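entry-v1.txt (compact mmCIF, C-alpha atoms)
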```txt
# COMPACT_ATOMS: atom_id res chain seq x y z
CA MET A 1 0.00 0.00 0.00
CA SER A 2 1.36 3.42 -0.95
CA LEU A 3 1.97 6.07 1.72
CA ALA A 4 -0.62 8.39 0.16
CA ARG A 5 -3.22 5.67 0.16
CA ARG A 6 -2.47 4.69 3.78
CA GLN A 7 -2.69 8.34 4.92
CA PHE A 8 -6.02 8.79 3.19
CA LEU A 9 -7.53 5.69 4.76
CA LEU A 10 -6.33 6.65 8.23
CA SER A 11 -7.73 10.18 7.91
CA ALA A 12 -11.00 8.86 6.51
CA ALA A 13 -11.38 6.48 9.43
CA ALA A 14 -10.85 9.31 11.90
CA ALA A 15 -13.29 11.57 10.07
CA ALA A 16 -15.94 8.89 9.90
CA GLY A 17 -15.96 8.64 13.69
CA SER A 18 -16.75 12.34 14.14
CA LEU A 19 -19.23 12.97 11.34
CA SER A 20 -22.45 14.65 12.31
CA ALA A 21 -25.09 11.93 12.56
CA GLN A 22 -27.76 14.43 11.62
CA ARG A 23 -25.90 15.55 8.49
CA TYR A 24 -25.53 12.04 7.12
CA GLN A 25 -28.80 10.48 8.23
CA PRO A 26 -30.26 8.31 7.01
CA ARG A 27 -27.15 6.41 5.93
CA PRO A 28 -28.52 3.75 3.59
CA ASN A 29 -27.41 0.26 2.97
CA VAL A 30 -26.24 0.14 -0.64
CA LEU A 31 -26.85 -2.66 -3.12
CA VAL A 32 -25.40 -2.24 -6.62
CA ILE A 33 -26.36 -4.83 -9.24
CA VAL A 34 -24.32 -4.95 -12.45
CA SER A 35 -25.23 -7.00 -15.52
CA ASP A 36 -22.75 -7.91 -18.26
CA ASP A 37 -23.25 -7.08 -21.96
CA GLN A 38 -26.94 -6.27 -21.42
CA GLY A 39 -28.01 -3.79 -24.07
CA TYR A 40 -30.43 -0.90 -23.73
CA GLY A 41 -33.09 -2.96 -25.54
CA ASP A 42 -32.69 -5.99 -23.27
CA ILE A 43 -34.86 -4.78 -20.40
CA GLY A 44 -38.63 -4.69 -20.56
CA CYS A 45 -39.31 -1.36 -18.85
CA TYR A 46 -37.38 0.53 -21.55
CA GLY A 47 -39.97 -0.65 -24.04
CA THR A 48 -37.78 -0.96 -27.13
CA GLU A 49 -37.91 -4.76 -27.58
CA PRO A 50 -41.26 -6.48 -26.92
CA ASP A 51 -39.70 -9.88 -26.16
CA ALA A 52 -37.42 -8.59 -23.37
CA ALA A 53 -38.87 -10.30 -20.28
CA THR A 54 -37.45 -8.78 -17.09
CA PRO A 55 -40.39 -8.42 -14.67
CA HIS A 56 -38.27 -7.99 -11.54
CA LEU A 57 -36.12 -5.24 -13.03
CA ASP A 58 -39.30 -3.65 -14.37
CA ALA A 59 -40.78 -3.69 -10.87
CA LEU A 60 -37.58 -2.15 -9.50
CA ALA A 61 -37.91 0.67 -12.03
CA ALA A 62 -41.58 1.18 -11.09
CA SER A 63 -40.51 1.58 -7.45
CA GLY A 64 -37.92 4.22 -8.24
CA VAL A 65 -36.14 6.18 -10.95
CA ARG A 66 -35.35 4.90 -14.43
CA LEU A 67 -32.41 6.64 -16.11
CA THR A 68 -32.41 7.15 -19.88
CA GLY A 69 -29.21 9.22 -20.10
CA PHE A 70 -26.90 6.93 -18.13
CA TYR A 71 -23.57 5.95 -19.71
CA ALA A 72 -20.89 3.38 -19.10
CA ASN A 73 -17.48 5.03 -19.04
CA ALA A 74 -16.24 2.53 -21.63
CA PRO A 75 -17.78 0.15 -24.15
CA MET A 76 -16.25 -2.90 -22.45
CA CYS A 77 -16.02 -4.69 -19.12
CA SER A 78 -12.89 -3.85 -17.13
CA PRO A 79 -12.71 -0.07 -17.71
CA THR A 80 -16.37 0.39 -16.81
CA ARG A 81 -15.91 -1.50 -13.55
CA ALA A 82 -12.75 0.41 -12.68
CA ALA A 83 -14.50 3.75 -13.27
CA PHE A 84 -17.46 2.76 -11.08
CA LEU A 85 -15.19 1.69 -8.22
CA THR A 86 -12.75 4.62 -8.34
CA GLY A 87 -14.88 7.52 -9.57
CA ARG A 88 -12.19 8.15 -12.18
CA HIS A 89 -12.08 7.88 -15.94
CA PRO A 90 -10.60 4.52 -17.02
CA LEU A 91 -7.59 6.24 -18.59
CA ARG A 92 -6.93 8.08 -15.34
CA CYS A 93 -7.24 5.07 -13.01
CA GLY A 94 -5.00 2.86 -15.14
CA VAL A 95 -7.53 0.44 -16.64
CA PRO A 96 -8.08 1.76 -20.18
CA PHE A 97 -8.67 -1.64 -21.80
CA VAL A 98 -9.91 -5.13 -20.97
CA VAL A 99 -7.61 -6.66 -18.35
CA ASP A 100 -5.89 -9.89 -19.36
CA SER A 101 -7.50 -12.79 -17.51
CA SER A 102 -4.29 -14.74 -16.88
CA PRO A 103 -3.47 -15.52 -13.24
CA GLY A 104 -1.22 -12.98 -11.57
CA VAL A 105 -1.90 -10.10 -13.98
CA VAL A 106 -2.10 -6.61 -12.45
CA GLY A 107 -5.28 -4.73 -13.30
CA LEU A 108 -6.49 -2.16 -10.80
CA LYS A 109 -3.32 -1.01 -9.03
CA GLY A 110 -2.80 -1.03 -5.31
CA ASP A 111 -2.59 2.75 -4.99
CA GLU A 112 -6.08 3.34 -6.35
CA ILE A 113 -8.74 4.06 -3.73
CA THR A 114 -12.04 2.30 -4.30
CA LEU A 115 -15.61 2.95 -3.24
CA ALA A 116 -15.42 -0.23 -1.16
CA GLU A 117 -12.47 1.20 0.76
CA VAL A 118 -14.01 4.57 1.54
CA LEU A 119 -17.30 2.98 2.62
CA ARG A 120 -15.53 0.41 4.76
CA GLU A 121 -13.67 3.20 6.51
CA ALA A 122 -17.03 4.89 7.10
CA GLY A 123 -18.27 1.81 8.95
CA TYR A 124 -19.77 -0.29 6.17
CA ARG A 125 -19.43 -4.02 5.68
CA THR A 126 -18.41 -4.51 2.06
CA GLY A 127 -19.08 -7.42 -0.26
CA LEU A 128 -18.66 -8.37 -3.90
CA VAL A 129 -20.37 -11.32 -5.56
CA GLY A 130 -19.73 -12.40 -9.15
CA LYS A 131 -17.42 -11.01 -11.81
CA TRP A 132 -14.29 -9.04 -10.95
CA HIS A 133 -12.16 -8.75 -14.16
CA LEU A 134 -9.84 -6.15 -12.65
CA GLY A 135 -6.76 -8.30 -12.28
CA ALA A 136 -5.60 -11.39 -10.41
CA ALA A 137 -2.34 -10.09 -8.89
CA ALA A 138 -2.33 -9.81 -5.11
CA GLU A 139 -2.69 -6.00 -5.15
CA SER A 140 -5.59 -6.14 -7.61
CA LEU A 141 -7.81 -8.78 -6.00
CA PRO A 142 -11.14 -7.78 -4.43
CA ASN A 143 -10.05 -8.37 -0.84
CA ALA A 144 -7.06 -6.07 -1.43
CA GLN A 145 -9.32 -3.41 -2.94
CA GLY A 146 -11.66 -2.90 0.00
CA PHE A 147 -14.07 -5.84 -0.12
CA ASP A 148 -14.42 -7.74 3.15
CA ASP A 149 -16.27 -10.60 1.48
CA PHE A 150 -15.78 -11.91 -2.08
CA TYR A 151 -17.33 -14.83 -3.89
CA GLY A 152 -16.88 -15.04 -7.64
CA PHE A 153 -14.33 -15.18 -10.43
CA HIS A 154 -11.34 -13.05 -11.33
CA SER A 155 -11.24 -13.41 -15.12
CA GLY A 156 -13.37 -11.97 -17.88
CA CYS A 157 -15.64 -14.94 -18.52
CA ILE A 158 -16.19 -18.45 -17.24
CA ASP A 159 -18.16 -21.48 -18.33
CA TYR A 160 -21.47 -21.11 -16.47
CA PHE A 161 -21.45 -24.71 -15.22
CA SER A 162 -17.81 -25.81 -14.88
CA HIS A 163 -16.60 -22.34 -13.80
CA ARG A 164 -13.44 -22.69 -15.86
CA PHE A 165 -11.92 -19.76 -17.70
CA TYR A 166 -13.83 -19.76 -20.96
CA TRP A 167 -10.99 -19.09 -23.40
CA GLY A 168 -9.28 -22.22 -22.17
CA LEU A 169 -12.25 -24.19 -23.45
CA GLU A 170 -12.63 -22.62 -26.89
CA GLY A 171 -9.81 -20.19 -27.49
CA GLY A 172 -6.77 -22.43 -27.32
CA ARG A 173 -5.37 -20.76 -24.20
CA PRO A 174 -4.54 -22.62 -20.97
CA SER A 175 -7.67 -23.55 -19.07
CA PHE A 176 -8.03 -23.02 -15.34
CA HIS A 177 -10.76 -23.21 -12.75
CA ASP A 178 -11.83 -19.74 -11.58
CA LEU A 179 -14.27 -19.65 -8.66
CA TRP A 180 -13.13 -18.24 -5.32
CA ARG A 181 -14.22 -17.26 -1.85
CA ASN A 182 -11.87 -14.73 -0.23
CA GLY A 183 -8.75 -16.18 -1.80
CA GLU A 184 -9.73 -19.82 -1.38
CA GLU A 185 -10.69 -21.80 -4.47
CA VAL A 186 -14.12 -23.41 -4.24
CA ASN A 187 -15.50 -26.21 -6.40
CA GLU A 188 -19.21 -26.12 -7.16
CA SER A 189 -18.98 -27.64 -10.62
CA GLY A 190 -22.30 -28.35 -12.29
CA GLN A 191 -24.17 -25.50 -10.60
CA TYR A 192 -25.23 -22.57 -12.76
CA SER A 193 -23.16 -19.53 -11.87
CA THR A 194 -26.08 -17.07 -12.00
CA HIS A 195 -27.87 -19.14 -9.36
CA LEU A 196 -24.70 -19.34 -7.26
CA PHE A 197 -24.25 -15.58 -7.31
CA THR A 198 -27.86 -15.05 -6.28
CA ARG A 199 -27.41 -17.51 -3.42
CA GLU A 200 -24.28 -15.75 -2.20
CA ALA A 201 -25.88 -12.30 -2.39
CA LYS A 202 -28.76 -13.50 -0.23
CA ARG A 203 -26.28 -15.02 2.24
CA PHE A 204 -24.38 -11.74 2.51
CA LEU A 205 -27.58 -9.80 3.20
CA ARG A 206 -28.68 -12.16 5.95
CA GLU A 207 -25.27 -12.30 7.61
CA ASN A 208 -24.71 -8.52 7.56
CA LYS A 209 -28.19 -7.13 8.21
CA ALA A 210 -27.23 -5.76 11.62
CA GLU A 211 -24.74 -3.23 10.25
CA PRO A 212 -24.67 -0.91 7.25
CA PHE A 213 -23.48 -2.72 4.15
CA PHE A 214 -22.29 -2.08 0.62
CA LEU A 215 -22.86 -5.08 -1.63
CA THR A 216 -22.09 -5.29 -5.34
CA VAL A 217 -23.65 -8.19 -7.23
CA ALA A 218 -21.86 -8.41 -10.58
CA TYR A 219 -23.67 -11.01 -12.66
CA ASN A 220 -21.81 -12.39 -15.67
CA ALA A 221 -25.10 -12.79 -17.57
CA PRO A 222 -25.73 -12.36 -20.43
CA HIS A 223 -22.00 -12.34 -21.32
CA TYR A 224 -20.73 -15.26 -23.41
CA PRO A 225 -20.48 -18.25 -23.26
CA MET A 226 -24.17 -18.55 -23.98
CA HIS A 227 -25.38 -21.02 -21.35
CA ALA A 228 -28.72 -21.32 -19.58
CA PRO A 229 -30.59 -24.09 -17.76
CA ALA A 230 -33.08 -25.96 -19.92
CA GLU A 231 -36.07 -24.68 -17.96
CA TYR A 232 -35.16 -21.09 -18.86
CA VAL A 233 -34.63 -21.87 -22.52
CA ALA A 234 -38.07 -23.53 -22.51
CA ARG A 235 -39.65 -20.26 -21.39
CA PHE A 236 -38.78 -18.82 -24.79
CA GLU A 237 -39.57 -21.72 -27.08
CA HIS A 238 -41.84 -19.34 -29.00
CA VAL A 239 -38.79 -17.30 -30.08
CA THR A 240 -37.69 -18.67 -33.44
CA ASP A 241 -34.15 -17.23 -33.45
CA PRO A 242 -32.05 -19.66 -31.34
CA GLU A 243 -29.46 -17.00 -30.47
CA ARG A 244 -32.12 -14.59 -29.25
CA ARG A 245 -33.83 -17.43 -27.36
CA MET A 246 -30.66 -18.27 -25.44
CA HIS A 247 -29.92 -14.61 -24.73
CA LEU A 248 -33.42 -14.08 -23.31
CA ALA A 249 -33.11 -17.24 -21.21
CA MET A 250 -29.88 -15.97 -19.63
CA LEU A 251 -31.50 -12.60 -18.91
CA ALA A 252 -34.52 -14.30 -17.35
CA ALA A 253 -32.33 -16.33 -14.98
CA MET A 254 -30.53 -13.16 -13.93
CA ASP A 255 -33.82 -11.26 -13.54
CA ASP A 256 -35.19 -14.02 -11.32
CA GLY A 257 -32.03 -13.67 -9.24
CA VAL A 258 -32.66 -9.95 -8.87
CA GLY A 259 -36.17 -10.78 -7.72
CA GLU A 260 -34.86 -13.21 -5.09
CA ILE A 261 -32.36 -10.65 -3.78
CA LEU A 262 -35.03 -7.95 -3.51
CA ALA A 263 -37.35 -10.41 -1.78
CA THR A 264 -34.59 -11.16 0.74
CA LEU A 265 -34.28 -7.45 1.50
CA GLU A 266 -38.02 -7.41 2.22
CA GLU A 267 -37.93 -10.56 4.33
CA GLU A 268 -35.09 -9.22 6.46
CA GLY A 269 -36.75 -5.82 6.93
CA LEU A 270 -34.01 -4.07 4.96
CA ARG A 271 -35.79 -2.73 1.88
CA GLN A 272 -36.76 0.66 3.31
CA ASP A 273 -33.18 1.23 4.43
CA THR A 274 -31.47 0.16 1.22
CA LEU A 275 -30.62 2.13 -1.90
CA VAL A 276 -30.59 -0.24 -4.88
CA PHE A 277 -28.82 0.78 -8.08
CA PHE A 278 -28.77 -1.34 -11.22
CA PHE A 279 -26.81 -0.81 -14.46
CA SER A 280 -25.20 -2.74 -17.31
CA ASP A 281 -21.47 -2.47 -17.97
CA ASN A 282 -21.65 -1.99 -21.77
CA GLY A 283 -23.87 -2.63 -24.74
CA ALA A 284 -24.84 -5.98 -26.20
CA THR A 285 -22.26 -7.61 -28.45
CA ILE A 286 -22.48 -9.22 -31.88
CA GLU A 287 -19.24 -11.19 -31.60
CA ASP A 288 -19.38 -14.65 -33.15
CA ARG A 289 -18.70 -16.25 -29.78
CA ALA A 290 -21.81 -14.59 -28.33
CA GLY A 291 -24.16 -14.93 -31.27
CA ARG A 292 -26.41 -12.09 -32.27
CA GLY A 293 -28.95 -12.33 -29.49
CA GLY A 294 -28.51 -8.99 -27.72
CA ARG A 295 -30.26 -5.73 -28.56
CA ASN A 296 -29.20 -2.10 -28.14
CA THR A 297 -32.40 -0.71 -29.65
CA PRO A 298 -32.87 2.13 -30.57
CA TYR A 299 -29.15 2.91 -30.68
CA ARG A 300 -26.44 2.32 -33.23
CA GLY A 301 -23.36 0.26 -32.48
CA TYR A 302 -22.50 -2.56 -30.09
CA LYS A 303 -19.99 -3.49 -27.43
CA PHE A 304 -16.55 -1.92 -28.20
CA SER A 305 -18.18 0.94 -30.15
CA LEU A 306 -18.43 4.55 -28.94
CA PHE A 307 -21.72 5.01 -30.71
CA GLU A 308 -24.62 5.04 -28.26
CA GLY A 309 -25.26 1.31 -28.55
CA GLY A 310 -21.90 0.57 -26.95
CA VAL A 311 -22.09 2.99 -24.03
CA ARG A 312 -25.66 4.13 -23.28
CA MET A 313 -26.97 1.77 -20.62
CA PRO A 314 -30.14 0.83 -18.81
CA ALA A 315 -29.92 2.03 -15.18
CA ILE A 316 -32.34 2.12 -12.26
CA ALA A 317 -32.21 3.64 -8.76
CA SER A 318 -34.70 2.72 -6.04
CA TRP A 319 -34.98 3.67 -2.37
CA PRO A 320 -38.58 3.47 -1.13
CA GLY A 321 -39.74 6.58 0.67
CA ILE A 322 -36.64 8.55 -0.31
CA LEU A 323 -36.49 8.42 -4.11
CA PRO A 324 -39.75 9.08 -5.98
CA ALA A 325 -41.44 6.09 -7.62
CA GLY A 326 -42.12 5.72 -11.31
CA LYS A 327 -39.98 8.64 -12.45
CA VAL A 328 -37.79 8.88 -15.56
CA ARG A 329 -34.63 11.01 -15.61
CA SER A 330 -33.06 11.84 -18.95
CA ALA A 331 -30.11 13.97 -17.83
CA MET A 332 -26.61 12.79 -18.76
CA CYS A 333 -24.69 10.88 -16.09
CA ALA A 334 -22.25 7.98 -15.93
CA GLY A 335 -20.92 5.06 -13.94
CA PHE A 336 -18.12 7.00 -12.27
CA ASP A 337 -20.73 9.29 -10.71
CA LEU A 338 -21.71 6.53 -8.28
CA PHE A 339 -18.45 6.94 -6.35
CA PRO A 340 -19.02 10.52 -5.11
CA THR A 341 -22.79 10.09 -4.91
CA LEU A 342 -22.69 7.01 -2.69
CA ALA A 343 -19.75 8.27 -0.65
CA LYS A 344 -21.66 11.42 0.29
CA LEU A 345 -24.87 9.53 1.09
CA CYS A 346 -22.97 7.12 3.31
CA GLY A 347 -20.95 9.75 5.17
CA ALA A 348 -17.62 8.77 3.66
CA GLU A 349 -14.70 11.05 2.82
CA LEU A 350 -13.52 11.43 -0.78
CA PRO A 351 -9.79 11.32 -1.58
CA THR A 352 -8.27 14.77 -1.99
CA ASP A 353 -4.93 13.74 -3.48
CA ARG A 354 -6.28 12.77 -6.93
CA VAL A 355 -8.75 13.80 -9.57
CA ILE A 356 -12.26 12.38 -9.10
CA ASP A 357 -14.04 12.66 -12.45
CA GLY A 358 -17.47 11.57 -11.19
CA ARG A 359 -20.01 14.04 -9.85
CA ASP A 360 -22.75 13.79 -7.24
CA ILE A 361 -25.97 12.87 -9.08
CA TRP A 362 -28.22 12.70 -6.02
CA PRO A 363 -30.06 15.95 -6.94
CA LEU A 364 -30.64 14.50 -10.42
CA LEU A 365 -32.11 11.32 -8.93
CA VAL A 366 -34.26 12.97 -6.28
CA ASP A 367 -35.46 16.14 -7.96
CA GLY A 368 -34.68 15.71 -11.65
CA ALA A 369 -31.92 18.32 -11.51
CA ARG A 370 -29.75 19.03 -14.53
CA SER A 371 -26.70 16.94 -15.31
CA PRO A 372 -23.64 17.90 -13.26
CA HIS A 373 -21.55 17.36 -16.41
CA GLU A 374 -21.07 19.83 -19.22
CA THR A 375 -19.32 17.11 -21.22
CA LEU A 376 -18.60 13.39 -21.08
CA PHE A 377 -15.63 11.76 -22.84
CA TRP A 378 -14.78 8.22 -23.93
CA LYS A 379 -11.70 6.69 -25.53
CA ARG A 380 -10.89 3.21 -26.84
CA TYR A 381 -7.70 2.93 -28.88
CA ASP A 382 -8.20 5.31 -31.85
CA GLN A 383 -11.87 5.86 -31.11
CA VAL A 384 -12.63 8.91 -29.03
CA ALA A 385 -15.96 10.57 -28.35
CA VAL A 386 -17.43 13.55 -26.55
CA ARG A 387 -20.99 14.45 -25.69
CA GLN A 388 -21.89 18.07 -24.91
CA GLY A 389 -25.58 18.66 -24.35
CA ASP A 390 -27.38 17.06 -27.29
CA TRP A 391 -24.27 17.14 -29.51
CA LYS A 392 -22.02 14.12 -29.80
CA LEU A 393 -18.82 13.73 -31.82
CA VAL A 394 -17.17 10.36 -32.46
CA LYS A 395 -13.71 10.22 -34.02
CA ASN A 396 -12.66 7.03 -35.86
CA PRO A 397 -15.88 5.19 -34.98
CA ILE A 398 -16.51 1.49 -35.35
CA LEU A 399 -19.87 -0.25 -35.18
CA ALA A 400 -18.60 -3.33 -33.34
CA LEU A 401 -15.44 -5.36 -32.80
CA GLY A 402 -13.41 -5.76 -35.98
CA GLU A 403 -12.10 -3.39 -38.61
CA GLU A 404 -14.68 -4.65 -41.07
CA ASN A 405 -17.17 -2.66 -39.01
CA ALA A 406 -15.16 0.57 -39.10
CA LEU A 407 -16.51 3.62 -40.91
CA HIS A 408 -14.43 5.22 -43.64
CA GLY A 409 -13.83 8.50 -45.40
CA ALA A 410 -15.81 11.48 -44.19
CA ASP A 411 -17.57 9.35 -41.58
CA ARG A 412 -14.31 8.99 -39.62
CA THR A 413 -15.46 12.22 -37.95
CA PHE A 414 -19.10 11.67 -37.03
CA LEU A 415 -21.21 14.46 -35.53
CA SER A 416 -24.80 13.94 -34.47
CA ASN A 417 -27.50 15.72 -32.53
CA LEU A 418 -28.97 13.12 -30.20
CA ALA A 419 -32.19 15.05 -29.61
CA ASP A 420 -33.03 14.87 -33.31
CA ASP A 421 -31.15 11.69 -34.20
CA PRO A 422 -30.72 9.35 -31.19
CA GLY A 423 -29.72 6.52 -33.51
CA GLU A 424 -26.73 8.50 -34.88
CA LYS A 425 -27.78 7.80 -38.46
CA THR A 426 -26.90 11.13 -40.05
CA ASN A 427 -23.42 12.65 -40.00
CA LEU A 428 -23.65 16.41 -39.48
CA ALA A 429 -19.90 17.11 -39.43
CA SER A 430 -19.81 18.76 -42.85
CA SER A 431 -22.96 20.81 -42.29
CA HIS A 432 -21.89 22.02 -38.81
CA PRO A 433 -18.13 22.62 -39.14
CA GLU A 434 -18.02 25.10 -36.24
CA LYS A 435 -19.54 22.64 -33.79
CA THR A 436 -17.27 19.87 -35.11
CA ALA A 437 -14.19 22.03 -34.59
CA GLU A 438 -15.33 23.07 -31.11
CA LEU A 439 -15.82 19.48 -29.99
CA GLU A 440 -12.52 18.40 -31.52
CA LYS A 441 -10.78 21.07 -29.44
CA ARG A 442 -12.59 19.86 -26.34
CA ILE A 443 -11.30 16.34 -27.00
CA GLU A 444 -7.77 17.63 -27.44
CA SER A 445 -7.97 19.60 -24.20
CA TRP A 446 -9.38 16.62 -22.31
CA GLU A 447 -6.66 14.30 -23.59
CA ARG A 448 -3.99 16.79 -22.45
CA SER A 449 -5.60 16.93 -19.01
CA LEU A 450 -5.11 13.19 -18.59
CA GLU A 451 -1.37 13.66 -18.85
CA ARG A 452 -1.19 15.80 -15.73
```

Do you think you could lay out the structure here as structure tokens?
Amino acid sequence: MSLARRQFLLSAAAAAGSLSAQRYQPRPNVLVIVSDDQGYGDIGCYGTEPDAATPHLDALAASGVRLTGFYANAPMCSPTRAAFLTGRHPLRCGVPFVVDSSPGVVGLKGDEITLAEVLREAGYRTGLVGKWHLGAAAESLPNAQGFDDFYGFHSGCIDYFSHRFYWGLEGGRPSFHDLWRNGEEVNESGQYSTHLFTREAKRFLRENKAEPFFLTVAYNAPHYPMHAPAEYVARFEHVTDPERRMHLAMLAAMDDGVGEILATLEEEGLRQDTLVFFFSDNGATIEDRAGRGGRNTPYRGYKFSLFEGGVRMPAIASWPGILPAGKVRSAMCAGFDLFPTLAKLCGAELPTDRVIDGRDIWPLLVDGARSPHETLFWKRYDQVAVRQGDWKLVKNPILALGEENALHGADRTFLSNLADDPGEKTNLASSHPEKTAELEKRIESWERSLER
């Protein structure tokens, strides 16, 4: 642990003991649920795909606030998760790309300060269930990054039943078993991982109900490999496309898990004291290994793309009696905003020795206030994008993974107005050269700021 990190944690612990109880009451329990490769069209309450069957997520949205302007900070797994946990842009917190899944690889570095750490220092019990994908070196593992309790896997994807690293089964790389509880390998081969993660989330809630808690449930569904129990596939036998059928089955199993977790909160008398936040880490993919079952409707692009389909995500916040029910918020916000928002709600101190890119979005959630961001930026290799108000500029865009999906010629600089053209179908760069130039300068300035 670095000296700066140690000093912050010690000062935060001291501050937490003297915080005004009145100022920070009520301090909620916090439950964050993250899905994997679930597109904007893959959730029923967003109403863009009629066959999306997610009744428990729909009920969660009805009980709280549904966000239509929420963004992942990257169009892929690891950077989005790093941004959520650190409150910092992926390029700033050192996880700009997908972290290699090999054992011992450093992902999130030991001198980063995570949401789990600041909440633990504020008196919270912290837990993570499911996917990590932020490195398997000692300094990067969940228990070293602020989580008291971890059950899940370290790599990017596992077989849903054998729990072995997926690329070792189909990609020609070494295969290894990847299911852990706090550093100890566990063998539950044959059991469906989505069900296991639901079970462990319920266990955590029951065991920690007497103290404030921060629990992240990071489902790997509906990320490839495409596996679901037969009874879930049978639910969608009316769907003629086999890839869509499997995708919907995986979503249904996850949605049932969400329902079980929410029911456990009710049974344990915790629901009124718990803020629940749900979001997906990036858009649905059309990679061969995952089929073509996911939907990002009505947006263009897929996972790995900086068009809206890769980064605009379904998101829901619910806290009965505190957040209004049945509301929709369209203002722009992003995953890294959860760090300062939750820290403030829970009476935790933010680090002062580093840039925190996220902003407090509590006024947006409660009262429908304007976005705290003038601009949002994304970068993946040569792709870079900025959104300012309704204007969005994407440089060197691709539609999905693979150069065959890259745009060419004039469309390498793609300007759109999302209010008029949410699907980013028409390139306005040539007809609005002043706005294009302005946003290009903003990108240049932002990239320079990352160097400091």

Quick one: distance from CA of Leu364 (chain A) to CA of Met332 (chain A) in Å, one decimal? 9.4 Å

With only C-alpha atoms as the counted atoms, please give the residues lying no more than 9 Å from His223 (chain A), apart from itself and same-chain residues fewer than 3 positions off, as a VMD selection string. chain A and resid 35 to 38 157 219 to 220 226 247 250 284 to 285 290

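Shortest atom-to-atom contact with Gly409 (chain A) among A:Leu85, A:Ala116, A:Asn427, A:Ile322: A:Asn427, counting all atoms listed in the file.
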
Region 228-339 of chain A residues near region 62-77 of chain A within 8 Å, closest pair each, using all atoms listed in the file, as a Markdown table:
```
| residue | atom | partner | partner_atom | distance |
| --- | --- | --- | --- | --- |
| A:Ser280 | CA | A:Ala72 | CA | 7.7 |
| A:Asp281 | CA | A:Ala72 | CA | 6.0 |
| A:Asn282 | CA | A:Pro75 | CA | 5.0 |
| A:Gly283 | CA | A:Pro75 | CA | 6.7 |
| A:Lys303 | CA | A:Pro75 | CA | 5.4 |
| A:Phe304 | CA | A:Pro75 | CA | 4.7 |
| A:Ser305 | CA | A:Pro75 | CA | 6.1 |
| A:Leu306 | CA | A:Pro75 | CA | 6.5 |
| A:Gly310 | CA | A:Pro75 | CA | 5.0 |
| A:Val311 | CA | A:Ala72 | CA | 5.1 |
| A:Arg312 | CA | A:Tyr71 | CA | 4.5 |
| A:Met313 | CA | A:Tyr71 | CA | 5.5 |
| A:Pro314 | CA | A:Leu67 | CA | 6.8 |
| A:Ala315 | CA | A:Leu67 | CA | 5.3 |
| A:Ile316 | CA | A:Arg66 | CA | 4.6 |
| A:Ala317 | CA | A:Val65 | CA | 5.2 |
| A:Ser318 | CA | A:Gly64 | CA | 4.2 |
| A:Trp319 | CA | A:Gly64 | CA | 6.6 |
| A:Pro320 | CA | A:Ser63 | CA | 6.9 |
| A:Leu323 | CA | A:Gly64 | CA | 6.1 |
| A:Pro324 | CA | A:Gly64 | CA | 5.7 |
| A:Ala325 | CA | A:Gly64 | CA | 4.0 |
| A:Gly326 | CA | A:Ala62 | CA | 4.6 |
| A:Lys327 | CA | A:Val65 | CA | 4.8 |
| A:Val328 | CA | A:Arg66 | CA | 4.8 |
| A:Arg329 | CA | A:Leu67 | CA | 4.9 |
| A:Ser330 | CA | A:Gly69 | CA | 4.8 |
| A:Ala331 | CA | A:Gly69 | CA | 5.3 |
| A:Met332 | CA | A:Gly69 | CA | 4.6 |
| A:Cys333 | CA | A:Phe70 | CA | 5.0 |
| A:Ala334 | CA | A:Tyr71 | CA | 4.5 |
| A:Gly335 | CA | A:Ala72 | CA | 5.4 |
| A:Phe336 | CA | A:Asn73 | CA | 7.1 |
```

Would you kindly identify which residues have an atom no farther than 12 Å from (-4.4, -6.1, -12.1), using only C-alpha atoms and the file's own coordinates, and write them out as a compact mmCIF listing (two decimals) with C-alpha atoms, in the coordinates of the input?
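Resulting contents of part_25.txt:
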```
# COMPACT_ATOMS: atom_id res chain seq x y z
CA SER A 78 -12.89 -3.85 -17.13
CA PRO A 79 -12.71 -0.07 -17.71
CA ALA A 82 -12.75 0.41 -12.68
CA CYS A 93 -7.24 5.07 -13.01
CA GLY A 94 -5.00 2.86 -15.14
CA VAL A 95 -7.53 0.44 -16.64
CA PRO A 96 -8.08 1.76 -20.18
CA PHE A 97 -8.67 -1.64 -21.80
CA VAL A 98 -9.91 -5.13 -20.97
CA VAL A 99 -7.61 -6.66 -18.35
CA ASP A 100 -5.89 -9.89 -19.36
CA SER A 101 -7.50 -12.79 -17.51
CA SER A 102 -4.29 -14.74 -16.88
CA PRO A 103 -3.47 -15.52 -13.24
CA GLY A 104 -1.22 -12.98 -11.57
CA VAL A 105 -1.90 -10.10 -13.98
CA VAL A 106 -2.10 -6.61 -12.45
CA GLY A 107 -5.28 -4.73 -13.30
CA LEU A 108 -6.49 -2.16 -10.80
CA LYS A 109 -3.32 -1.01 -9.03
CA GLY A 110 -2.80 -1.03 -5.31
CA ASP A 111 -2.59 2.75 -4.99
CA GLU A 112 -6.08 3.34 -6.35
CA TRP A 132 -14.29 -9.04 -10.95
CA HIS A 133 -12.16 -8.75 -14.16
CA LEU A 134 -9.84 -6.15 -12.65
CA GLY A 135 -6.76 -8.30 -12.28
CA ALA A 136 -5.60 -11.39 -10.41
CA ALA A 137 -2.34 -10.09 -8.89
CA ALA A 138 -2.33 -9.81 -5.11
CA GLU A 139 -2.69 -6.00 -5.15
CA SER A 140 -5.59 -6.14 -7.61
CA LEU A 141 -7.81 -8.78 -6.00
CA PRO A 142 -11.14 -7.78 -4.43
CA ALA A 144 -7.06 -6.07 -1.43
CA GLN A 145 -9.32 -3.41 -2.94
CA HIS A 154 -11.34 -13.05 -11.33
CA SER A 155 -11.24 -13.41 -15.12
```
